[in-house]
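Enquirer: This is the structure, below, for whatever I ask next.
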Amino acid sequence: MNHSNILKFIQKAHYTTNRSILPSKTIKTILKDNSTNVSVRGWVRSVRKQKQISFATINDGSTLKGIQAILNEKDAEKLSTGTCVELYGSLIPSPGKEQSKELNVEKMKILGECDSTYPLQKKRHSLEFLRTIGHLRMRGNTGSAVLRVRNAANEGLHDFFKSQEFILTNTPILTSHDCEGGGEVFKISPIDTTNPTEFFKKPVYLTVSGQLHAEITALAMSRVYTFGPVFRAEESMTSRHLAEFWMLEAEMAFIDELAPLLDVTEANVQETTRYVLDTCSEDLSFFNQWVDKSLLERLQKSIAKPYVRMTYSEAIDVLQKAQNKHKFQFPTEWGSSLQSEHERYLASEYCKHPVFITDYPAELKPFYMRANEDGKTVGCFDLLLPGIGELVGGSLREERYAILEQKMREAKMNIEDYQWYLDLRKYGSAPHGGYGIGFERLLLWLTGLENVREVIPMPRWVGHCKY
């Protein structure tokens with residue numbers, strides 16, 4: 001094939017972004033089009049059977065409300081909630097206020113019948129009940145709205161990094177280290193327990209963070225990010241913790257101050273929030289009505305002005321002055337950790353806005369964070385959100401070989417196992433920094449829901465790994 005024929009082949013094979021290669025359109029697209037005769041595929045949400053005319057609500061997951069179908073009595077008798085159908089007919093103006101168009105059905109085909117024990121009926125179900133039927137909860141309004149918002153947040157994150165010339169990298173799920181030395185890791189073992197030999201000839205774990213691997217890439221490509229699952233073997237039953245969750249992690253070379261790192265983080269969260277507001281208005285209105293009536297106002301406010309910034313020392317002063325009115329369970333002396341109650345007060349009550357807390361005591365933070373000149377603190381930050389608490393954690397990374405090695409020895413780390421990490425400081429070291437965003441916590445912020453188990457399709461937590 002010559003160059004001319006290759007070019008023609010490429011041009012012929014090229015699909016524009018507006019062209020669908022699937023044989024049918026989604027209900028979302030059908031309702032936007034000016035088409036008259038259409039084919040709709042989806043699941044029956046509800047059926048209203050009357051003597052001469054009946055109505056069914058059909059949803060394929062592309063929209064919150066789906067489409068109302070008008071059927072004859074004979075076809076309606078064959079339907080029940082949960083049935084999967086294919087309907088063919090014409091779109092006509094709808095006299096109702098819920099939607100502008102409805103489907104006048106001419107032909108119907110049942111693709112999948114639904115048993116009478118189908119648990120999702122036309123009534124409000126509790127989130128706890130829906131969690132027990134995780135294989136079906138996405139067919140309900142809350143479950144499907146969560147997935148659409150989750151998808152939009154995913155798109156918003158990627159769009160932001162593309163606009164800032166970051167490169168997406170893929171860090172490993174299996175690692176030989178636990179990143180922060182916390183020990184809350186899942187160890188990998190071969191199924192064949194009769195052979196005690198380690199598969200990898202050394203201990204290997206499910207990753208708790210892709211940060212150290214992302215640093216490898218950043219010190220070659222300058223700006224990188226990774227987005228994938230991470231794992232924590234925490235025996236926690238709180239609404240903020242999962243054993244498996246998704247983490248967005250970014251690393252940037254040539255950053256030697258916290259301010260630009262905070263600027264990127266703030267823009268990242270604000271632009272992603274704005275993207276979801278622009279693309280998921282129907283779903284966010286649903287959450288605003290049924291979950292958190294302050295959601296839309298809070299999200300709009302969060303993108304309208306800069307985030308608050310204060311040091312850890314300033315935060316401790318604020319907390320100590322508030323002790324007369326707020327009886328904190330945990331201490332608020334300098335050097336103590338900020339607990340959830342402190343984070344809630346700072347973000348939700350004192351600032352009433354997202355707030356960065358910077359420059360924590362070195363003893364509270366991992367070995368890789370860059371030591372400040374005061375000798376007591378490190379160049380790091382947490383981003384706290386009202387109603388959520390910590391969403392983002394980040395820092396400048398220690399790029400000085402001798403200081404990093406000393407910190408690793410003080411942490412009683414095996415230097416030999418981390419020699420590759422030290423090598424990055426020996427072969428053309430560069431100032432750099434980065435941060436991580438817990439994706440499920442971001443979704444709590446965007447939906448108003450209170451439990452991370454509601455915003456991930458298949459939640460895993462201590463004692464629970466279904467599906």
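Identifiers for the structure tokens are assigned positionally: chains receive A, B, ... in sequence, residues are indexed from 1 per chain, and ligands are indexed from 1 in the order shown.
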Please report, as a PyMOL selection string, each residue of region 230-268 of chain A to which DSSP assigns strand (DSSP E) when run on this structure's backbone.

Expert: chain A and resi 230-231+244-253

Enquirer: Just write the chosen residues, C-alpha atoms, as a PDB file, in the first residue's frame.

Expert:
ATOM      1  CA  VAL A 230      -5.425   1.739  46.002  1.00  0.00           C
ATOM      2  CA  PHE A 231      -5.880  -0.486  49.040  1.00  0.00           C
ATOM      3  CA  GLU A 244     -10.413  -0.434  48.108  1.00  0.00           C
ATOM      4  CA  PHE A 245     -10.880   3.027  46.655  1.00  0.00           C
ATOM      5  CA  TRP A 246      -9.654   5.234  43.811  1.00  0.00           C
ATOM      6  CA  MET A 247      -6.939   7.836  44.088  1.00  0.00           C
ATOM      7  CA  LEU A 248      -5.894  10.661  41.783  1.00  0.00           C
ATOM      8  CA  GLU A 249      -2.226  11.474  42.320  1.00  0.00           C
ATOM      9  CA  ALA A 250      -0.225  14.227  40.618  1.00  0.00           C
ATOM     10  CA  GLU A 251       3.514  14.907  40.673  1.00  0.00           C
ATOM     11  CA  MET A 252       5.296  17.990  39.327  1.00  0.00           C
ATOM     12  CA  ALA A 253       9.004  18.664  38.908  1.00  0.00           C
TER      13      ALA A 253
END

Enquirer: Need the shell around region 108-113 of chain A: protein/DNA/RNA residues with any atom at most 8 Å away, counting only C-alpha atoms. Skip same-chain ones fewer than 6 positions apart. Format as a ChimeraX atom specification?

Expert: /A:75,82-88

Enquirer: Quick one: write out the picked residues with all heavy atoms as a JSON list (two decimals), in the first residue's frame?

Expert:
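Resulting contents of out28.json:
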[["chain", "number", "residue", "atom", "x", "y", "z"],
["A", 75, "ASP", "N", -50.15, -4.71, 25.33],
["A", 75, "ASP", "CA", -48.70, -4.66, 25.57],
["A", 75, "ASP", "C", -48.39, -4.37, 27.03],
["A", 75, "ASP", "O", -47.47, -4.95, 27.62],
["A", 75, "ASP", "CB", -48.06, -3.60, 24.68],
["A", 75, "ASP", "CG", -47.94, -4.05, 23.23],
["A", 75, "ASP", "OD1", -48.02, -5.27, 22.98],
["A", 75, "ASP", "OD2", -47.77, -3.18, 22.35],
["A", 82, "GLY", "N", -38.86, -3.61, 36.06],
["A", 82, "GLY", "CA", -37.62, -4.37, 35.90],
["A", 82, "GLY", "C", -37.49, -5.06, 34.56],
["A", 82, "GLY", "O", -36.38, -5.48, 34.19],
["A", 83, "THR", "N", -38.57, -5.20, 33.80],
["A", 83, "THR", "CA", -38.51, -5.87, 32.51],
["A", 83, "THR", "C", -37.63, -5.08, 31.54],
["A", 83, "THR", "O", -37.66, -3.85, 31.51],
["A", 83, "THR", "CB", -39.92, -5.99, 31.90],
["A", 83, "THR", "OG1", -40.75, -6.70, 32.83],
["A", 83, "THR", "CG2", -39.89, -6.73, 30.57],
["A", 84, "CYS", "N", -36.84, -5.79, 30.76],
["A", 84, "CYS", "CA", -36.00, -5.16, 29.74],
["A", 84, "CYS", "C", -36.75, -5.22, 28.40],
["A", 84, "CYS", "O", -37.19, -6.30, 27.98],
["A", 84, "CYS", "CB", -34.66, -5.87, 29.62],
["A", 84, "CYS", "SG", -33.51, -5.10, 28.48],
["A", 85, "VAL", "N", -36.89, -4.06, 27.75],
["A", 85, "VAL", "CA", -37.71, -4.00, 26.54],
["A", 85, "VAL", "C", -37.02, -3.23, 25.42],
["A", 85, "VAL", "O", -36.09, -2.45, 25.64],
["A", 85, "VAL", "CB", -39.07, -3.31, 26.83],
["A", 85, "VAL", "CG1", -39.89, -4.12, 27.80],
["A", 85, "VAL", "CG2", -38.86, -1.88, 27.33],
["A", 86, "GLU", "N", -37.53, -3.47, 24.22],
["A", 86, "GLU", "CA", -37.20, -2.66, 23.05],
["A", 86, "GLU", "C", -38.52, -2.13, 22.50],
["A", 86, "GLU", "O", -39.44, -2.91, 22.22],
["A", 86, "GLU", "CB", -36.47, -3.48, 21.99],
["A", 86, "GLU", "CG", -36.16, -2.69, 20.73],
["A", 86, "GLU", "CD", -35.42, -3.50, 19.68],
["A", 86, "GLU", "OE1", -35.33, -4.74, 19.85],
["A", 86, "GLU", "OE2", -34.95, -2.91, 18.69],
["A", 87, "LEU", "N", -38.62, -0.82, 22.38],
["A", 87, "LEU", "CA", -39.85, -0.18, 21.93],
["A", 87, "LEU", "C", -39.57, 0.61, 20.66],
["A", 87, "LEU", "O", -38.55, 1.30, 20.55],
["A", 87, "LEU", "CB", -40.41, 0.76, 23.00],
["A", 87, "LEU", "CG", -40.63, 0.16, 24.39],
["A", 87, "LEU", "CD1", -41.08, 1.25, 25.36],
["A", 87, "LEU", "CD2", -41.65, -0.98, 24.34],
["A", 88, "TYR", "N", -40.50, 0.52, 19.72],
["A", 88, "TYR", "CA", -40.39, 1.31, 18.49],
["A", 88, "TYR", "C", -41.65, 2.13, 18.34],
["A", 88, "TYR", "O", -42.76, 1.65, 18.57],
["A", 88, "TYR", "CB", -40.22, 0.41, 17.26],
["A", 88, "TYR", "CG", -40.15, 1.18, 15.97],
["A", 88, "TYR", "CD1", -38.97, 1.77, 15.54],
["A", 88, "TYR", "CD2", -41.30, 1.35, 15.19],
["A", 88, "TYR", "CE1", -38.90, 2.49, 14.37],
["A", 88, "TYR", "CE2", -41.25, 2.08, 14.00],
["A", 88, "TYR", "CZ", -40.05, 2.66, 13.61],
["A", 88, "TYR", "OH", -40.00, 3.40, 12.43]]

Enquirer: Leaving out region 444-455 of chain A and any residue of its chain fewer than 6 positions from it, which residues lie within 9 Å of it when counting only C-alpha atoms, given as a PyMOL selection string?

Expert: chain A and resi 127-128+130-131+142-143+145-147+149-150+153+238-242+273+276-277+283-284+287-288+291-296+299+385-388+391+461

Enquirer: Leaving out Asn372 (chain A) and any residue of its chain fewer than 5 positions from it, which residues lie within 9 Å of it when counting only C-alpha atoms, given as a PyMOL selection string?

Expert: chain A and resi 359+362+377-379

Enquirer: Quick one: distance from CA of Glu165 (chain A) to CA of Lys365 (chain A) in Å, one decimal?

Expert: 29.5 Å

Enquirer: Grab the CA of Ile133 (chain A) to CA of Gln68 (chain A) distance for me, in Å with one decimal place.

Expert: 25.9 Å

Enquirer: Could you check the closest approach to Glu215 (chain A) for each of A:Gln289, A:Ser336, A:Asn170, A:Gln300 and tell me which residue wins, using only C-alpha atoms?

Expert: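 Among the listed residues, the smallest separation from Glu215 (chain A) belongs to A:Asn170.
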
Enquirer: Pick the closest to Gly428 (chain A) from A:Arg400, A:Lys78, A:Lys97, A:Ile70: which is it, counting only C-alpha atoms?

Expert: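 Distance minimum relative to Gly428 (chain A) lands on A:Arg400.
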
Enquirer: Counting only C-alpha atoms, figure out which residue out of A:Ile167, A:Ile67, A:Leu206, A:Leu91 gets nearest to Val38 (chain A).

Expert: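 Using only C-alpha atoms, the shortest distance to Val38 (chain A) belongs to A:Leu91.
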
Enquirer: Can you list, as a PyMOL selection string, every protein, DNA or RNA residue that comes within 10 Å of region 30-34 of chain A when you count only C-alpha atoms, leaving out same-chain residues fewer than 5 positions away?

Expert: chain A and resi 24-25+39-40+63+66-67+91+99-103

Enquirer: Could you save those same residues with N, CA and C atoms as a PDB file, in the first residue's frame?

Expert:
ATOM      1  N   SER A  24     -27.918   1.845  17.937  1.00  0.00           N
ATOM      2  CA  SER A  24     -29.059   2.582  18.479  1.00  0.00           C
ATOM      3  C   SER A  24     -28.583   3.769  19.301  1.00  0.00           C
ATOM      4  N   LYS A  25     -29.476   4.710  19.544  1.00  0.00           N
ATOM      5  CA  LYS A  25     -29.164   5.896  20.330  1.00  0.00           C
ATOM      6  C   LYS A  25     -29.670   5.726  21.756  1.00  0.00           C
ATOM      7  N   SER A  39     -36.232   4.048  18.057  1.00  0.00           N
ATOM      8  CA  SER A  39     -36.217   2.777  18.774  1.00  0.00           C
ATOM      9  C   SER A  39     -35.579   3.013  20.135  1.00  0.00           C
ATOM     10  N   VAL A  40     -36.246   2.569  21.194  1.00  0.00           N
ATOM     11  CA  VAL A  40     -35.777   2.777  22.563  1.00  0.00           C
ATOM     12  C   VAL A  40     -35.552   1.424  23.227  1.00  0.00           C
ATOM     13  N   THR A  63     -30.064   9.015  31.370  1.00  0.00           N
ATOM     14  CA  THR A  63     -30.677  10.187  31.985  1.00  0.00           C
ATOM     15  C   THR A  63     -31.311   9.802  33.311  1.00  0.00           C
ATOM     16  N   GLY A  66     -35.476   9.229  32.272  1.00  0.00           N
ATOM     17  CA  GLY A  66     -35.851   8.292  31.224  1.00  0.00           C
ATOM     18  C   GLY A  66     -36.880   8.893  30.291  1.00  0.00           C
ATOM     19  N   ILE A  67     -37.732   8.043  29.722  1.00  0.00           N
ATOM     20  CA  ILE A  67     -38.754   8.510  28.788  1.00  0.00           C
ATOM     21  C   ILE A  67     -40.073   7.811  29.091  1.00  0.00           C
ATOM     22  N   LEU A  91     -42.000   9.885  18.439  1.00  0.00           N
ATOM     23  CA  LEU A  91     -41.943  10.877  19.510  1.00  0.00           C
ATOM     24  C   LEU A  91     -43.019  11.928  19.278  1.00  0.00           C
ATOM     25  N   GLN A  99     -41.297  16.145  31.078  1.00  0.00           N
ATOM     26  CA  GLN A  99     -40.452  16.112  29.891  1.00  0.00           C
ATOM     27  C   GLN A  99     -41.236  16.642  28.700  1.00  0.00           C
ATOM     28  N   SER A 100     -40.502  17.062  27.684  1.00  0.00           N
ATOM     29  CA  SER A 100     -41.141  17.701  26.527  1.00  0.00           C
ATOM     30  C   SER A 100     -41.665  16.688  25.522  1.00  0.00           C
ATOM     31  N   LYS A 101     -41.124  15.452  25.542  1.00  0.00           N
ATOM     32  CA  LYS A 101     -41.516  14.445  24.554  1.00  0.00           C
ATOM     33  C   LYS A 101     -41.835  13.130  25.241  1.00  0.00           C
ATOM     34  N   GLU A 102     -42.700  12.351  24.589  1.00  0.00           N
ATOM     35  CA  GLU A 102     -42.969  10.986  25.029  1.00  0.00           C
ATOM     36  C   GLU A 102     -43.073  10.082  23.821  1.00  0.00           C
ATOM     37  N   LEU A 103     -43.000   8.789  24.064  1.00  0.00           N
ATOM     38  CA  LEU A 103     -42.951   7.823  22.966  1.00  0.00           C
ATOM     39  C   LEU A 103     -44.297   7.156  22.786  1.00  0.00           C
TER      40      LEU A 103
END

Enquirer: Using only C-alpha atoms, tabulate the residues of region 274-370 of chain A lying at most 12 Å from any atom of region 408-423 of chain A, each with its closest atom pair and that distance in Å to one decimal, by chain and increasing residue number, as a Markdown table.

Expert:
| residue | atom | partner | partner_atom | distance |
| --- | --- | --- | --- | --- |
| A:Ala362 | CA | A:Ala411 | CA | 11.7 |
| A:Glu363 | CA | A:Ala411 | CA | 10.1 |
| A:Leu364 | CA | A:Ala411 | CA | 11.9 |
| A:Lys365 | CA | A:Ala411 | CA | 10.9 |
| A:Pro366 | CA | A:Ala411 | CA | 8.7 |
| A:Phe367 | CA | A:Met408 | CA | 6.1 |
| A:Tyr368 | CA | A:Met408 | CA | 8.2 |
| A:Met369 | CA | A:Met408 | CA | 11.0 |

Enquirer: If you measure from CA of Gly210 (chain A) to CA of Asp263 (chain A), what distance in Å do you get, rounded to one decimal?

Expert: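 Pair CA of Gly210 (chain A) / CA of Asp263 (chain A) returns 21.8 Å.
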
Enquirer: Of the candidates A:Thr81, A:Asn324, A:Ser302, A:Thr36, which one gets nearest to Thr57 (chain A) if we count only C-alpha atoms?

Expert: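 Nearest to Thr57 (chain A): A:Thr81.
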